[in-house]
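Here the structure is laid out as structure tokens; the discussion comes afterwards.
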Amino acid sequence: MSHHLSRRQMLHLATASAAGFGLAACGSGGSGGDTAGADGDSGRITVWSWTTAAEALRGVVPSFERDNPGIKVEIQDVGEPAIWDKITVGLASGGKGLADVLHIGVDYLPGYMEKFPEGIADLSRLGADKHKDAFVQGLWPTVMGKDGAAHALPWEVNPLGLFYRHDYFEKADVDPASISSWDDLIAAGPKIRAATGAQLLGLDKPGTTQDMDFFQNLMQLQGAFYFDGDGKVTLASPAAVQALTVIKRLNDGGLLADTAGQGTWKRLVGQGKLATAPEAAWAVEYMADKFSAQSGKWRVMQPPAAVPGGGRSAIVNSTYLAVSGTSKRRKAAWRFIEYALTKPAEINRMFSSGGVFPALKGAYADPMFSAPHPFYGGQSVLKSLVDSLASGSGTTNFTSDYSRALKLASDAQSQVLLKGADPAEALKAAAAQLAQQTGRQQAA
């Protein structure tokens with residue numbers, strides 16, 4: 001998706017207030033409310049999304065309405081992060097005022113299903129299960145509620161890549177093919193800095209924006225996250241300690257720039273002061289658009305493994321379309337979701353207009369996914385990202401307590417970067433706090 005670079009930070013800022021609404025609603029019976037839904041299959045449905053994704057969905061409407069007479073669709077650009085509070089408030093008030101179709105990020109979907117079990121409609125009974133194998137591996141478990149039913153369909157998937165300055169690597173005589181782990185890149189970092197003056201990458205060291213994507217990426221490359229599949233706390237796991245240790249080594253070696261402050265990352269990249277950028281698929285067009293003066297200088301490789309010999313693929317985030325449980329036209333809403341997300345022609349039309357990297361595997365046969373990209377020196381960037389998806393990726397369990405985990409992990413990272421704290425000790429303390437705050441057990 002053509003997001004602002006701070007997409008994840010914006011989500012994180014919204015998460016705290018959203019989680020607060022969710023906790024309050026949980027004690028009052030969730031979203032049962034007094035507004036019953038219905039399975040109407042005709043009439044007008046509304047869809048909530050944001051910015052370029054909303055515009056992409058508008059492109060589907062004419063063909064959908066032509067093929068589904070009797071259903072009219074209104075796409076509403078609610079904005080981001082406003083959409084998260086609107087959905088959460090709506091669910092907490094029993095579903096009142098919600099759109100029929102909701103565009104939801106992986107950060108929120110598990111929490112919504114947990115705290116508002118009636119708030120997101122059961123799509124399995126409408127036929128969603130037949131599409132289970134149509135999407136990239138690792139996404140379907142996220143849509144499954146505790147009732148064993150699917151409550152959404154995947155739309156966007158974001159495989160991780162390492163964007164890097166090809167010209168800097170050449171100048172430093174560093175062969176990208178020799179980089180298979182972060183150990184390799186850390187070893188090459190001083191050569192790159194000496195030859196170009198650039199540091200490897202940037203992080204908001206004091207955590208003013210809870211800049212935790214890189215830490216999370218390093219865990220996801222190891223098949224881990226803040227919580228395991230059972231919801232137990234894994235913030236002090238060996239994978240988490242390894243992730244924070246990599247970050248500490250980068251910082252101790254003078255290879256990590258501080259990007260605290262609004263627009264600092266963008267400014268440093270624009271000035272050529274960062275040699276790499278670990279980012280997801282949405283950044284392909286973002287980089288080309290924002291740094292057009294650097295055309296031909298960037299390339300994308302598989303992310304280095306967090307541990308030597310470890311995995312080099314990860315899905316770092318994703319988004320979904322769901323139906324409100326209180327929608328009066330649930331069948332009509334489902335028909336729109338199914339039409340938009342399971343037809344390669346439609347989802348690729350949206351990808352072309354809005355940059356939403358599709359989760360539908362059947363979309364990748366389109367020639368656009370193997371086309372050379374001029375900004376990346378003619379590299380077939382999209383193909384490299386599609387190929388990384390073929391390696392498979394574990395499911396990330398965000399849970400309803402993601403915001404708490406994020407805050408505690410961010411504090412631990414800042415302690416390590418600013419005060420030289422030991423990663424294992426900082427994470428051990430953070431994990432204990434997370435378990436205490438959430439009532440969750442720590443994994444063995």
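Ordering of the structure tokens sets the chain letters (A, B, ...); residue numbers start at 1 within each chain; ligands are numbered from 1 in the order shown.
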
Next on the checklist: as a ChimeraX atom specification, please: the residues near A:Ser295 (cut-off 10 Å, only C-alpha atoms, same-chain neighbours under 4 positions excluded).
Outcome noted: /A:287-289,291,299,373-377

Write a file of the selected residues as a CSV table (one decimal), in the first residue's frame, keeping C-alpha atoms.
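Output (selection.csv):
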chain,number,residue,atom,x,y,z
A,287,MET,CA,10.9,4.7,-2.1
A,288,ALA,CA,10.6,5.4,-5.8
A,289,ASP,CA,8.3,8.3,-5.2
A,291,PHE,CA,13.6,9.6,-3.4
A,299,ARG,CA,18.2,-2.5,-5.0
A,373,HIS,CA,11.6,-1.5,-12.1
A,374,PRO,CA,13.7,1.5,-13.3
A,375,PHE,CA,14.2,3.0,-9.8
A,376,TYR,CA,15.9,-0.3,-8.8
A,377,GLY,CA,18.2,-0.4,-11.8

Checklist entry - Tell me, which residues of stretch 95-176 of chain A carry DSSP helix (DSSP H, G or I), written as a list in words? => result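 Listing helix (DSSP H, G or I) positions across stretch 95-176 of chain A yields Leu109, Pro110, Gly111, Tyr112, Met113, Glu114, Lys115, Ser124, Arg125, Leu126, Ala128, Asp129, Lys130, His131, Lys132, Asp133, Ala134, Trp140, Pro141, Thr142, Val143, His166, Asp167, Tyr168, Phe169, Glu170, Lys171 and Pro176 of chain A.
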
Please produce an output containing C-alpha atoms for each residue in the selection, written as a PDB file, in the first residue's frame.
ATOM      1  CA  LEU A 109      -8.105  -8.062  13.987  1.00  0.00           C
ATOM      2  CA  PRO A 110      -7.143 -10.652  16.666  1.00  0.00           C
ATOM      3  CA  GLY A 111      -7.989  -8.223  19.447  1.00  0.00           C
ATOM      4  CA  TYR A 112     -11.331  -7.322  17.908  1.00  0.00           C
ATOM      5  CA  MET A 113     -12.290 -10.981  17.560  1.00  0.00           C
ATOM      6  CA  GLU A 114     -11.242 -11.670  21.147  1.00  0.00           C
ATOM      7  CA  LYS A 115     -12.915  -8.693  22.815  1.00  0.00           C
ATOM      8  CA  SER A 124     -17.364 -19.377   7.139  1.00  0.00           C
ATOM      9  CA  ARG A 125     -21.104 -19.887   7.050  1.00  0.00           C
ATOM     10  CA  LEU A 126     -21.218 -17.648   3.968  1.00  0.00           C
ATOM     11  CA  ALA A 128     -15.254 -18.180   3.090  1.00  0.00           C
ATOM     12  CA  ASP A 129     -13.570 -21.503   3.880  1.00  0.00           C
ATOM     13  CA  LYS A 130     -13.402 -22.522   0.236  1.00  0.00           C
ATOM     14  CA  HIS A 131     -10.816 -19.776  -0.264  1.00  0.00           C
ATOM     15  CA  LYS A 132      -8.525 -20.926   2.555  1.00  0.00           C
ATOM     16  CA  ASP A 133      -5.740 -22.151   0.273  1.00  0.00           C
ATOM     17  CA  ALA A 134      -5.965 -19.230  -2.132  1.00  0.00           C
ATOM     18  CA  TRP A 140      -5.419 -17.726   7.299  1.00  0.00           C
ATOM     19  CA  PRO A 141      -4.871 -18.500  11.010  1.00  0.00           C
ATOM     20  CA  THR A 142      -5.166 -14.762  11.691  1.00  0.00           C
ATOM     21  CA  VAL A 143      -8.756 -14.666  10.411  1.00  0.00           C
ATOM     22  CA  HIS A 166      23.758  -0.666  -4.584  1.00  0.00           C
ATOM     23  CA  ASP A 167      26.211   2.113  -5.392  1.00  0.00           C
ATOM     24  CA  TYR A 168      27.430   2.215  -1.780  1.00  0.00           C
ATOM     25  CA  PHE A 169      27.987  -1.523  -1.699  1.00  0.00           C
ATOM     26  CA  GLU A 170      29.970  -1.285  -4.942  1.00  0.00           C
ATOM     27  CA  LYS A 171      32.050   1.629  -3.669  1.00  0.00           C
ATOM     28  CA  PRO A 176      25.427  -8.227  -1.753  1.00  0.00           C
TER      29      PRO A 176
END

Checklist outcome for this item: Between A:Leu160, A:Ile315, A:Ile347, A:Leu201, smallest distance to A:Phe225 by only C-alpha atoms belongs to A:Ile315

Checklist entry - Residues at most 9 Å from stretch 440-444 of chain A, counting only C-alpha atoms, excluding those fewer than 5 positions away in the same chain, as a PyMOL selection string? => result chain A and resi 227-228+231-237+431-432+434-435

Just write the chosen residues, N, CA, C and O atoms, as a PDB file, in the first residue's frame.
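Dumped everything to again-v1.pdb:
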ATOM      1  N   PHE A 227       4.215 -12.796  21.533  1.00  0.00           N
ATOM      2  CA  PHE A 227       3.384 -13.860  22.069  1.00  0.00           C
ATOM      3  C   PHE A 227       3.494 -15.083  21.160  1.00  0.00           C
ATOM      4  O   PHE A 227       3.701 -14.947  19.955  1.00  0.00           O
ATOM      5  N   ASP A 228       3.345 -16.267  21.738  1.00  0.00           N
ATOM      6  CA  ASP A 228       3.325 -17.459  20.900  1.00  0.00           C
ATOM      7  C   ASP A 228       1.893 -17.729  20.423  1.00  0.00           C
ATOM      8  O   ASP A 228       0.973 -16.937  20.681  1.00  0.00           O
ATOM      9  N   GLY A 231      -0.816 -17.471  22.909  1.00  0.00           N
ATOM     10  CA  GLY A 231      -0.979 -16.201  23.609  1.00  0.00           C
ATOM     11  C   GLY A 231      -0.069 -16.022  24.799  1.00  0.00           C
ATOM     12  O   GLY A 231      -0.193 -15.043  25.548  1.00  0.00           O
ATOM     13  N   LYS A 232       0.864 -16.946  25.021  1.00  0.00           N
ATOM     14  CA  LYS A 232       1.801 -16.810  26.131  1.00  0.00           C
ATOM     15  C   LYS A 232       2.894 -15.799  25.772  1.00  0.00           C
ATOM     16  O   LYS A 232       3.265 -15.644  24.605  1.00  0.00           O
ATOM     17  N   VAL A 233       3.414 -15.143  26.783  1.00  0.00           N
ATOM     18  CA  VAL A 233       4.410 -14.085  26.584  1.00  0.00           C
ATOM     19  C   VAL A 233       5.757 -14.682  26.199  1.00  0.00           C
ATOM     20  O   VAL A 233       6.277 -15.567  26.889  1.00  0.00           O
ATOM     21  N   THR A 234       6.324 -14.182  25.103  1.00  0.00           N
ATOM     22  CA  THR A 234       7.635 -14.655  24.636  1.00  0.00           C
ATOM     23  C   THR A 234       8.611 -13.489  24.440  1.00  0.00           C
ATOM     24  O   THR A 234       9.547 -13.581  23.662  1.00  0.00           O
ATOM     25  N   LEU A 235       8.372 -12.416  25.163  1.00  0.00           N
ATOM     26  CA  LEU A 235       9.205 -11.231  25.008  1.00  0.00           C
ATOM     27  C   LEU A 235      10.625 -11.435  25.514  1.00  0.00           C
ATOM     28  O   LEU A 235      11.535 -10.700  25.134  1.00  0.00           O
ATOM     29  N   ALA A 236      10.848 -12.433  26.358  1.00  0.00           N
ATOM     30  CA  ALA A 236      12.196 -12.717  26.849  1.00  0.00           C
ATOM     31  C   ALA A 236      12.768 -13.986  26.224  1.00  0.00           C
ATOM     32  O   ALA A 236      13.754 -14.541  26.723  1.00  0.00           O
ATOM     33  N   SER A 237      12.186 -14.433  25.127  1.00  0.00           N
ATOM     34  CA  SER A 237      12.636 -15.660  24.474  1.00  0.00           C
ATOM     35  C   SER A 237      14.025 -15.491  23.869  1.00  0.00           C
ATOM     36  O   SER A 237      14.498 -14.365  23.664  1.00  0.00           O
ATOM     37  N   ALA A 431       9.298  -8.660  29.998  1.00  0.00           N
ATOM     38  CA  ALA A 431       8.396  -9.806  29.896  1.00  0.00           C
ATOM     39  C   ALA A 431       7.636 -10.025  31.206  1.00  0.00           C
ATOM     40  O   ALA A 431       6.438 -10.365  31.205  1.00  0.00           O
ATOM     41  N   ALA A 432       8.318  -9.844  32.316  1.00  0.00           N
ATOM     42  CA  ALA A 432       7.665 -10.004  33.613  1.00  0.00           C
ATOM     43  C   ALA A 432       6.565  -8.964  33.792  1.00  0.00           C
ATOM     44  O   ALA A 432       5.467  -9.270  34.280  1.00  0.00           O
ATOM     45  N   LEU A 434       4.949  -7.487  31.344  1.00  0.00           N
ATOM     46  CA  LEU A 434       3.885  -7.797  30.393  1.00  0.00           C
ATOM     47  C   LEU A 434       2.975  -8.895  30.940  1.00  0.00           C
ATOM     48  O   LEU A 434       1.747  -8.815  30.829  1.00  0.00           O
ATOM     49  N   ALA A 435       3.575  -9.911  31.507  1.00  0.00           N
ATOM     50  CA  ALA A 435       2.782 -10.991  32.092  1.00  0.00           C
ATOM     51  C   ALA A 435       1.928 -10.477  33.241  1.00  0.00           C
ATOM     52  O   ALA A 435       0.749 -10.838  33.376  1.00  0.00           O
TER      53      ALA A 435
END

Checklist entry - Nearest to A:Ala371: which of A:Ser400, A:Ser327, A:Gln220, A:Ser384 is it, counting only C-alpha atoms? => result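 Of A:Ser400, A:Ser327, A:Gln220, A:Ser384, the one nearest A:Ala371 is A:Ser384, counting only C-alpha atoms.
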
Checklist entry - For A:Gly354, which residue out of A:Met301, A:Ala54, A:Ala36, A:Val78 is the nearest one, using only C-alpha atoms? => result A:Ala54

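For A:Val307, the non-local neighbours within 9 Å, defined as residues at least 3 positions apart in the same chain or in other chains and counting only C-alpha atoms, are Ser181, Trp182, Asp183, Leu221, Gln222, Gln242, Ala243, Pro304, Gly310 and Gly311 of chain A.
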
Write the residues of the selection above to a file with N, CA and C atoms, as a CSV table (one decimal), in the first residue's frame.
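Written file, again05.csv:
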chain,number,residue,atom,x,y,z
A,181,SER,N,23.4,-13.0,6.5
A,181,SER,CA,22.9,-12.9,7.9
A,181,SER,C,23.3,-11.5,8.4
A,182,TRP,N,22.7,-11.0,9.5
A,182,TRP,CA,23.0,-9.7,10.0
A,182,TRP,C,24.5,-9.7,10.6
A,183,ASP,N,25.0,-10.9,10.9
A,183,ASP,CA,26.4,-11.0,11.2
A,183,ASP,C,27.3,-10.5,10.1
A,221,LEU,N,11.7,-13.1,11.6
A,221,LEU,CA,12.6,-13.9,10.8
A,221,LEU,C,13.0,-15.2,11.5
A,222,GLN,N,12.8,-15.2,12.8
A,222,GLN,CA,13.1,-16.4,13.6
A,222,GLN,C,11.8,-17.2,13.9
A,242,GLN,N,18.1,-12.4,20.8
A,242,GLN,CA,18.9,-12.3,19.7
A,242,GLN,C,18.6,-11.1,18.8
A,243,ALA,N,17.3,-10.8,18.7
A,243,ALA,CA,16.9,-9.6,17.9
A,243,ALA,C,17.5,-8.3,18.6
A,304,PRO,N,18.6,-10.2,5.5
A,304,PRO,CA,19.6,-11.1,6.2
A,304,PRO,C,18.9,-11.9,7.3
A,310,GLY,N,19.8,-19.0,9.5
A,310,GLY,CA,18.4,-18.9,9.8
A,310,GLY,C,17.5,-18.5,8.6
A,311,GLY,N,16.2,-18.4,8.8
A,311,GLY,CA,15.3,-18.0,7.8
A,311,GLY,C,15.5,-16.6,7.3

Checklist entry - Do you know which residues are at most 12 Å from stretch 188-194 of chain A counting only C-alpha atoms, after dropping those on the same chain fewer than 4 positions away, and could you put them as a PyMOL selection string? => result chain A and resi 164-176+178-184+198-201+249-257+272-276
